[in-house]
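S.K.: Structure file run00.pdb (PDB, C-alpha atoms, pLDDT in the B column) right here:
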```pdb
ATOM      1  CA  MET A   1      95.980  91.187 119.229  1.00 39.00           C
ATOM      2  CA  ALA A   2      94.966  94.808 118.896  1.00 40.00           C
ATOM      3  CA  GLY A   3      91.771  95.598 117.025  1.00 40.00           C
ATOM      4  CA  ASN A   4      93.545  97.147 114.031  1.00 42.00           C
ATOM      5  CA  VAL A   5      95.909  94.217 113.472  1.00 39.00           C
ATOM      6  CA  ARG A   6      94.909  91.148 111.510  1.00 40.00           C
ATOM      7  CA  ARG A   7      97.075  88.101 110.870  1.00 40.00           C
ATOM      8  CA  ILE A   8      97.477  87.169 107.189  1.00 37.00           C
ATOM      9  CA  SER A   9      97.532  83.455 106.527  1.00 39.00           C
ATOM     10  CA  ALA A  10      98.053  81.841 103.167  1.00 40.00           C
ATOM     11  CA  PRO A  11      95.682  79.029 102.238  1.00 38.00           C
ATOM     12  CA  SER A  12      97.233  75.703 103.172  1.00 38.00           C
ATOM     13  CA  ASN A  13      96.949  74.532  99.560  1.00 40.00           C
ATOM     14  CA  ASP A  14      99.014  77.453  98.209  1.00 42.00           C
ATOM     15  CA  PRO A  15     102.232  75.864  96.837  1.00 37.00           C
ATOM     16  CA  ASP A  16     103.792  79.286  96.163  1.00 42.00           C
ATOM     17  CA  GLU A  17     103.633  80.451  99.780  1.00 47.00           C
ATOM     18  CA  ARG A  18     107.242  80.694 100.948  1.00 51.00           C
ATOM     19  CA  ARG A  19     107.098  83.257 103.742  1.00 50.00           C
ATOM     20  CA  SER A  20     109.304  82.428 106.685  1.00 55.00           C
ATOM     21  CA  SER A  21     107.044  84.241 109.153  1.00 60.00           C
ATOM     22  CA  PRO A  22     103.429  85.396 109.283  1.00 58.00           C
ATOM     23  CA  ARG A  23     102.627  88.916 108.170  1.00 61.00           C
ATOM     24  CA  LEU A  24     100.294  91.308 109.934  1.00 55.00           C
ATOM     25  CA  VAL A  25      98.010  93.948 108.487  1.00 58.00           C
ATOM     26  CA  VAL A  26      99.041  97.270 109.981  1.00 63.00           C
ATOM     27  CA  GLY A  27      97.181 100.329 111.207  1.00 57.00           C
ATOM     28  CA  ILE A  28      99.965 102.644 109.955  1.00 56.00           C
ATOM     29  CA  THR A  29      99.657 102.802 106.198  1.00 71.00           C
ATOM     30  CA  LYS A  30     101.445 105.912 104.895  1.00 82.00           C
ATOM     31  CA  ILE A  31     105.098 105.387 104.010  1.00 86.00           C
ATOM     32  CA  SER A  32     107.446 106.653 101.341  1.00 89.00           C
ATOM     33  CA  VAL A  33     109.358 104.574  98.823  1.00 91.00           C
ATOM     34  CA  ARG A  34     112.391 105.711  96.856  1.00 91.00           C
ATOM     35  CA  LYS A  35     114.248 104.122  93.981  1.00 89.00           C
ATOM     36  CA  LEU A  36     117.889 104.851  93.212  1.00 86.00           C
ATOM     37  CA  SER A  37     118.269 108.329  91.657  1.00 83.00           C
ATOM     38  CA  GLU A  38     114.553 109.144  92.038  1.00 88.00           C
ATOM     39  CA  GLN A  39     112.503 111.319  94.346  1.00 91.00           C
ATOM     40  CA  PRO A  40     110.548 109.605  97.148  1.00 91.00           C
ATOM     41  CA  ALA A  41     106.933 108.729  96.388  1.00 92.00           C
ATOM     42  CA  GLU A  42     104.072 108.139  98.785  1.00 92.00           C
ATOM     43  CA  ALA A  43     103.071 104.508  99.200  1.00 92.00           C
ATOM     44  CA  SER A  44     100.669 102.468 101.295  1.00 90.00           C
ATOM     45  CA  LEU A  45     101.842  99.703 103.582  1.00 88.00           C
ATOM     46  CA  GLY A  46      99.599  96.657 103.211  1.00 85.00           C
ATOM     47  CA  ASP A  47     101.097  94.066 105.518  1.00 86.00           C
ATOM     48  CA  LEU A  48     104.308  93.595 107.422  1.00 87.00           C
ATOM     49  CA  SER A  49     106.656  91.059 108.983  1.00 89.00           C
ATOM     50  CA  ILE A  50     110.110  91.691 110.416  1.00 91.00           C
ATOM     51  CA  TYR A  51     111.499  90.341 107.101  1.00 95.00           C
ATOM     52  CA  GLY A  52     109.430  92.264 104.559  1.00 93.00           C
ATOM     53  CA  CYS A  53     106.209  93.957 103.555  1.00 92.00           C
ATOM     54  CA  ARG A  54     103.668  94.527 100.796  1.00 92.00           C
ATOM     55  CA  ILE A  55     103.264  98.041  99.452  1.00 93.00           C
ATOM     56  CA  LYS A  56     101.005  99.817  96.982  1.00 92.00           C
ATOM     57  CA  SER A  57     102.718 102.562  95.024  1.00 91.00           C
ATOM     58  CA  SER A  58     102.277 104.629  91.886  1.00 89.00           C
ATOM     59  CA  LEU A  59     105.843 103.700  90.916  1.00 89.00           C
ATOM     60  CA  ASP A  60     106.536 100.797  88.584  1.00 90.00           C
ATOM     61  CA  HIS A  61     108.623  98.167  90.355  1.00 92.00           C
ATOM     62  CA  ASN A  62     110.548  95.182  89.023  1.00 93.00           C
ATOM     63  CA  ALA A  63     111.752  92.085  90.853  1.00 95.00           C
ATOM     64  CA  GLY A  64     115.332  92.536  92.000  1.00 96.00           C
ATOM     65  CA  GLU A  65     115.059  96.329  92.182  1.00 95.00           C
ATOM     66  CA  ARG A  66     116.519  98.083  95.247  1.00 96.00           C
ATOM     67  CA  VAL A  67     114.320 100.531  97.165  1.00 96.00           C
ATOM     68  CA  TRP A  68     114.394 102.513 100.386  1.00 95.00           C
ATOM     69  CA  LEU A  69     111.259 102.561 102.530  1.00 94.00           C
ATOM     70  CA  ARG A  70     110.652 105.208 105.172  1.00 91.00           C
ATOM     71  CA  PHE A  71     108.148 104.565 107.942  1.00 83.00           C
ATOM     72  CA  ALA A  72     106.828 107.621 109.832  1.00 76.00           C
ATOM     73  CA  GLY A  73     109.811 109.521 111.202  1.00 74.00           C
ATOM     74  CA  MET A  74     112.207 106.572 111.022  1.00 81.00           C
ATOM     75  CA  ASN A  75     115.459 106.104 109.124  1.00 86.00           C
ATOM     76  CA  PRO A  76     115.082 104.490 105.685  1.00 91.00           C
ATOM     77  CA  VAL A  77     114.934 100.704 105.500  1.00 93.00           C
ATOM     78  CA  ASN A  78     116.780  99.096 102.572  1.00 95.00           C
ATOM     79  CA  ALA A  79     114.773  96.486 100.697  1.00 97.00           C
ATOM     80  CA  THR A  80     114.610  94.486  97.482  1.00 97.00           C
ATOM     81  CA  ILE A  81     111.463  94.091  95.395  1.00 97.00           C
ATOM     82  CA  VAL A  82     110.696  90.363  95.138  1.00 97.00           C
ATOM     83  CA  TRP A  83     107.463  90.609  93.120  1.00 95.00           C
ATOM     84  CA  SER A  84     105.293  93.283  91.530  1.00 95.00           C
ATOM     85  CA  ASP A  85     101.731  93.155  90.222  1.00 93.00           C
ATOM     86  CA  ASN A  86      99.306  95.924  89.252  1.00 91.00           C
ATOM     87  CA  GLY A  87     100.691  98.639  91.563  1.00 91.00           C
ATOM     88  CA  PHE A  88     101.483  96.282  94.441  1.00 93.00           C
ATOM     89  CA  ALA A  89     104.959  95.049  95.331  1.00 95.00           C
ATOM     90  CA  GLY A  90     106.454  92.628  97.811  1.00 95.00           C
ATOM     91  CA  CYS A  91     109.606  93.878  99.544  1.00 96.00           C
ATOM     92  CA  ARG A  92     112.239  91.876 101.423  1.00 97.00           C
ATOM     93  CA  PHE A  93     114.229  93.931 103.928  1.00 96.00           C
ATOM     94  CA  ASP A  94     118.015  93.636 103.664  1.00 97.00           C
ATOM     95  CA  VAL A  95     118.115  93.213 107.439  1.00 95.00           C
ATOM     96  CA  PRO A  96     115.065  92.255 109.531  1.00 95.00           C
ATOM     97  CA  ILE A  97     113.536  95.359 111.078  1.00 91.00           C
ATOM     98  CA  ASP A  98     113.842  95.965 114.788  1.00 87.00           C
ATOM     99  CA  LYS A  99     111.157  94.180 116.813  1.00 86.00           C
ATOM    100  CA  GLY A 100     110.338  97.453 118.581  1.00 84.00           C
ATOM    101  CA  LEU A 101     109.629  99.156 115.251  1.00 81.00           C
ATOM    102  CA  PHE A 102     107.599  96.131 114.148  1.00 83.00           C
ATOM    103  CA  ARG A 103     105.488  96.309 117.325  1.00 81.00           C
ATOM    104  CA  SER A 104     105.006 100.066 116.908  1.00 79.00           C
ATOM    105  CA  LEU A 105     103.817  99.674 113.326  1.00 77.00           C
ATOM    106  CA  THR A 106     101.510  96.748 114.038  1.00 77.00           C
ATOM    107  CA  LEU A 107     100.049  98.314 117.186  1.00 74.00           C
ATOM    108  CA  GLY A 108      99.554 101.685 115.495  1.00 57.00           C
ATOM    109  CA  THR A 109     101.689 103.661 117.937  1.00 46.00           C
ATOM    110  CA  VAL A 110     103.841 105.381 115.277  1.00 43.00           C
ATOM    111  CA  LEU A 111     102.255 108.568 113.945  1.00 36.00           C
ATOM    112  CA  ASN A 112     101.795 109.052 110.183  1.00 37.00           C
TER     113      ASN A 112
END
```
I need this file expressed as structure tokens, please.
M.R.:
Amino acid sequence: MAGNVRRISAPSNDPDERRSSPRLVVGITKISVRKLSEQPAEASLGDLSIYGCRIKSSLDHNAGERVWLRFAGMNPVNATIVWSDNGFAGCRFDVPIDKGLFRSLTLGTVLN
């Protein structure tokens, strides 16, 4: 693995861990998030899998809310907020992201 990528593993005794794939910490952190009928806001990408991500944003998010995430220079990715806590939110992508985009984000080859 590249030096700026770290695998996130849940403790084995965590009964609430339901992720279907491991998530990776990414070197690319600046993204934008937009809610329906609102202007985009800057957010930070915390970790990523092809199925979802964790973001930190100044926006208030609620579980079930629809958002659009934009990674550096890419088309928006549709997602649903699955949890929110103290400025952080977990997002599940409507469709798994392309493996090429995933590799670019986790290897830090996409420019901010």
S.K.: Residues picked by the PyMOL selection byres ((chain A and resi 51) around 8) here, as a PyMOL selection string?
M.R.: chain A and resi 21+48-50+52-53+92-93+95-97
S.K.: Suppose you want the space between atom CA of Ala72 of chain A and atom CA of Ser84 of chain A; what is it in Å?
M.R.: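 If I compute the distance from atom CA of Ala72 of chain A to atom CA of Ser84 of chain A, I get 23.3 Å.
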S.K.: The PyMOL selection byres ((chain A and resi 37-40) around 10) on the file shown: which residues, as a tab-separated table (two decimals) with C-alpha atoms, in the coordinates of the input?
M.R.:
```tsv
chain	number	residue	atom	x	y	z
A	31	ILE	CA	105.10	105.39	104.01
A	32	SER	CA	107.45	106.65	101.34
A	33	VAL	CA	109.36	104.57	98.82
A	34	ARG	CA	112.39	105.71	96.86
A	35	LYS	CA	114.25	104.12	93.98
A	36	LEU	CA	117.89	104.85	93.21
A	41	ALA	CA	106.93	108.73	96.39
A	42	GLU	CA	104.07	108.14	98.78
A	43	ALA	CA	103.07	104.51	99.20
A	59	LEU	CA	105.84	103.70	90.92
A	67	VAL	CA	114.32	100.53	97.16
A	68	TRP	CA	114.39	102.51	100.39
A	69	LEU	CA	111.26	102.56	102.53
A	70	ARG	CA	110.65	105.21	105.17
```
S.K.: Go ahead and compute the interatomic distance for atom CA of Arg54 of chain A and atom CA of Cys91 of chain A, in Å to one decimal.
M.R.: 6.1 Å
S.K.: Between atom CA of Ser104 of chain A and atom CA of Arg66 of chain A, what is the distance, to one decimal in Å?
M.R.: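 It comes out at 24.6 Å.
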S.K.: Leaving out Ala63 of chain A and any residue of its chain fewer than 6 positions from it, which residues lie within 12 Å of it when counting all atoms listed in the file, given as a list of chain:residue names?
M.R.: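 Skipping anything fewer than 6 positions along the chain leaves A:Ala79, A:Thr80, A:Ile81, A:Val82, A:Trp83, A:Ser84, A:Asp85, A:Phe88, A:Ala89, A:Gly90, A:Cys91, A:Arg92.
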S.K.: Rank nothing, just name the residue among A:Asn86, A:Asn78, A:Thr106, A:Thr29 nearest to Ser58 of chain A, using only C-alpha atoms.
M.R.: A:Asn86
S.K.: Which residue out of A:Leu107, A:Pro76, A:Gly87, A:Leu45 has the minimum interatomic distance to Asn62 of chain A when only C-alpha atoms are used?
M.R.: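 Checking each of A:Leu107, A:Pro76, A:Gly87, A:Leu45 against Asn62 of chain A, counting only C-alpha atoms, the winner is A:Gly87.
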